[in-house]
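Colleague: Structure incoming, see below.
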Amino acid sequence: GIFVISGQAAATYAGPAIVLSFALAGACCVVYALCFAELAAMVPISGSAYTYTRVAFGRFPGFLIGWALIVEYLFAAAAVAVGWSGYVGSLFKSVGLPIPSVIGLAPFEFGENHGLRATGDVINLPAVLLVVAATIVVGVGAKTSSLATTIAVGIKMTVIVVFVVAGAFFVKPENWDPFIPESEEFGHYGWSGVIRASSIIFFAYIGFDAVTTAAAESKDPANDLPT
């Protein structure tokens with residue numbers, strides 16, 4: 001998720017100050033992770049935020065949080081899958097094999113006034129295939145998903161190293177000025193844009209509750225869960 005969303009956050013909201021957005025999101029994630037670690041140790045039962053809320057406040061608040069988690073993952077998975085699909089489409093297009101929009105884009109999109117409008121396309125097939133593949137991997141078992149996650153992290157780290165090394169030769173410090181572009185409107189550049197970009201980046205980090213749930217469901221979390 002972080003690779004998919006960071007470019008949009010930088011270009012649209014924060015500009016060069018995206019590094020500040022990352023720092024702020026990272027600080028929030030540290031606090032978030034410590035809270036989940038403490039709760040997971042105090043309530044070692046599968047269910048994550050749903051279970052913690054149910055134990056602390058009762059069944060009905062737990063019920064609400066459980067459905068909120070479902071909605072959270074629904075939107076998070078959709079956003080990442082659609083973003084990943086866009087990159088796949090660009091990759092195929094760069095090698096001369098463009099994916100037809102009828103199977104590469106969603107049938108609906110948000111208009112300028114945030115209203116839904118038909119695009120004329122049928123299905124975002126790459127995004128659907130990604131979700132199906134991830135579901136199969138998770139459904140097979142903790143060890144398989146751990147292996148898949150380890151491989152994916154290895155690929156990500158390799159890509160990051162190659163990107164940093166190759167990109168170091170194309171750095172243009174003049175593009176960093178102004179470091180925090182003047183705000184055009186609230187949430188677009190300026191400090192409000194930095195904070196907005198940070199919230200979008202934090203959105204890509206969600207998943208601590210999935211880790212605590214997987215840990216509770218694993219026979220040997222130290223061995224089965226990826227580090």
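Following the order of the structure tokens, chains are lettered A, B, ..., residues in each are numbered from 1, and ligands are numbered from 1.
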Wanna dump the segment 49-163 of chain A-segment 18-41 of chain A contacts at 10 Å for me, each residue with its shortest atom pair and the distance in Å to one decimal, counting only C-alpha atoms, ordered by chain and number, as a Markdown table?

Modeller:
| residue | atom | partner | partner_atom | distance |
| --- | --- | --- | --- | --- |
| A:Ala49 | CA | A:Phe36 | CA | 8.3 |
| A:Thr51 | CA | A:Ala40 | CA | 9.7 |
| A:Tyr52 | CA | A:Leu39 | CA | 7.0 |

Colleague: Between atom CA of Thr135 of chain A and atom CA of Ala148 of chain A, measure the distance and give it in Å to one decimal.

Modeller: 11.9 Å

Colleague: Quick one: contact table of segment 66-107 of chain A to segment 183-207 of chain A, 9 Å max, nearest atom pair and distance in Å to one decimal per residue, counting only C-alpha atoms, chain and number order, as JSON lines?

Modeller:
{"residue": "A:Glu72", "atom": "CA", "partner": "A:Ile206", "partner_atom": "CA", "distance": 8.8}
{"residue": "A:Tyr73", "atom": "CA", "partner": "A:Ile206", "partner_atom": "CA", "distance": 8.5}
{"residue": "A:Ala76", "atom": "CA", "partner": "A:Ala204", "partner_atom": "CA", "distance": 7.2}
{"residue": "A:Ala79", "atom": "CA", "partner": "A:Ala204", "partner_atom": "CA", "distance": 9.0}
{"residue": "A:Val80", "atom": "CA", "partner": "A:Ala204", "partner_atom": "CA", "distance": 8.0}

Colleague: Taking only segment 2-196 of chain A into account, list the residues labelled alpha helix (DSSP H) by DSSP (computed from the backbone), as an NGL selection string.

Modeller: :A and (2-9 or 18-42 or 49-57 or 59-94 or 101-104 or 125-140 or 142-167 or 190-196)

Colleague: Quick one: DSSP strand (DSSP E) residues in segment 48-158 of chain A, as a PDB file with all heavy atoms, in the first residue's frame?

Modeller:
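Contents of selection.pdb, as written:
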ATOM      1  N   PHE A 108     -17.280   2.039 -12.534  1.00  0.00           N
ATOM      2  CA  PHE A 108     -17.731   3.317 -11.966  1.00  0.00           C
ATOM      3  C   PHE A 108     -16.537   4.067 -11.394  1.00  0.00           C
ATOM      4  O   PHE A 108     -15.530   3.475 -11.014  1.00  0.00           O
ATOM      5  CB  PHE A 108     -18.775   3.099 -10.864  1.00  0.00           C
ATOM      6  CG  PHE A 108     -20.025   2.424 -11.336  1.00  0.00           C
ATOM      7  CD1 PHE A 108     -20.191   1.060 -11.177  1.00  0.00           C
ATOM      8  CD2 PHE A 108     -21.039   3.151 -11.948  1.00  0.00           C
ATOM      9  CE1 PHE A 108     -21.353   0.425 -11.613  1.00  0.00           C
ATOM     10  CE2 PHE A 108     -22.196   2.536 -12.388  1.00  0.00           C
ATOM     11  CZ  PHE A 108     -22.353   1.169 -12.222  1.00  0.00           C
ATOM     12  N   GLU A 109     -16.657   5.381 -11.340  1.00  0.00           N
ATOM     13  CA  GLU A 109     -15.636   6.224 -10.737  1.00  0.00           C
ATOM     14  C   GLU A 109     -16.290   7.438 -10.111  1.00  0.00           C
ATOM     15  O   GLU A 109     -17.450   7.758 -10.410  1.00  0.00           O
ATOM     16  CB  GLU A 109     -14.608   6.666 -11.782  1.00  0.00           C
ATOM     17  CG  GLU A 109     -15.170   7.599 -12.836  1.00  0.00           C
ATOM     18  CD  GLU A 109     -14.114   8.060 -13.829  1.00  0.00           C
ATOM     19  OE1 GLU A 109     -12.982   7.572 -13.756  1.00  0.00           O
ATOM     20  OE2 GLU A 109     -14.448   8.908 -14.682  1.00  0.00           O
ATOM     21  N   PHE A 110     -15.555   8.117  -9.234  1.00  0.00           N
ATOM     22  CA  PHE A 110     -16.071   9.324  -8.605  1.00  0.00           C
ATOM     23  C   PHE A 110     -15.819  10.515  -9.521  1.00  0.00           C
ATOM     24  O   PHE A 110     -14.714  10.697 -10.032  1.00  0.00           O
ATOM     25  CB  PHE A 110     -15.395   9.569  -7.253  1.00  0.00           C
ATOM     26  CG  PHE A 110     -15.933   8.700  -6.152  1.00  0.00           C
ATOM     27  CD1 PHE A 110     -15.204   7.622  -5.677  1.00  0.00           C
ATOM     28  CD2 PHE A 110     -17.165   8.964  -5.599  1.00  0.00           C
ATOM     29  CE1 PHE A 110     -15.692   6.817  -4.663  1.00  0.00           C
ATOM     30  CE2 PHE A 110     -17.682   8.168  -4.588  1.00  0.00           C
ATOM     31  CZ  PHE A 110     -16.945   7.093  -4.112  1.00  0.00           C
ATOM     32  N   LEU A 116     -20.912   9.170  -8.140  1.00  0.00           N
ATOM     33  CA  LEU A 116     -20.560   8.040  -8.992  1.00  0.00           C
ATOM     34  C   LEU A 116     -21.029   8.270 -10.420  1.00  0.00           C
ATOM     35  O   LEU A 116     -22.130   8.783 -10.648  1.00  0.00           O
ATOM     36  CB  LEU A 116     -21.193   6.749  -8.448  1.00  0.00           C
ATOM     37  CG  LEU A 116     -20.508   6.081  -7.252  1.00  0.00           C
ATOM     38  CD1 LEU A 116     -21.312   4.874  -6.813  1.00  0.00           C
ATOM     39  CD2 LEU A 116     -19.082   5.692  -7.587  1.00  0.00           C
ATOM     40  N   ARG A 117     -20.191   7.876 -11.373  1.00  0.00           N
ATOM     41  CA  ARG A 117     -20.582   7.951 -12.772  1.00  0.00           C
ATOM     42  C   ARG A 117     -20.020   6.743 -13.501  1.00  0.00           C
ATOM     43  O   ARG A 117     -18.967   6.208 -13.140  1.00  0.00           O
ATOM     44  CB  ARG A 117     -20.049   9.243 -13.403  1.00  0.00           C
ATOM     45  CG  ARG A 117     -18.539   9.351 -13.465  1.00  0.00           C
ATOM     46  CD  ARG A 117     -18.103  10.676 -14.057  1.00  0.00           C
ATOM     47  NE  ARG A 117     -16.653  10.765 -14.170  1.00  0.00           N
ATOM     48  CZ  ARG A 117     -16.004  11.866 -14.539  1.00  0.00           C
ATOM     49  NH1 ARG A 117     -16.682  12.970 -14.816  1.00  0.00           N
ATOM     50  NH2 ARG A 117     -14.679  11.866 -14.621  1.00  0.00           N
ATOM     51  N   ALA A 118     -20.745   6.284 -14.499  1.00  0.00           N
ATOM     52  CA  ALA A 118     -20.328   5.107 -15.258  1.00  0.00           C
ATOM     53  C   ALA A 118     -19.162   5.458 -16.184  1.00  0.00           C
ATOM     54  O   ALA A 118     -19.127   6.539 -16.776  1.00  0.00           O
ATOM     55  CB  ALA A 118     -21.501   4.568 -16.063  1.00  0.00           C
TER      56      ALA A 118
END

Colleague: List the neighbours of Arg54 of chain A out to 9 Å using only C-alpha atoms; skip same-chain residues closer than 6 positions along the sequence, and give me the result as a PyMOL selection string.

Modeller: chain A and resi 60-63+65
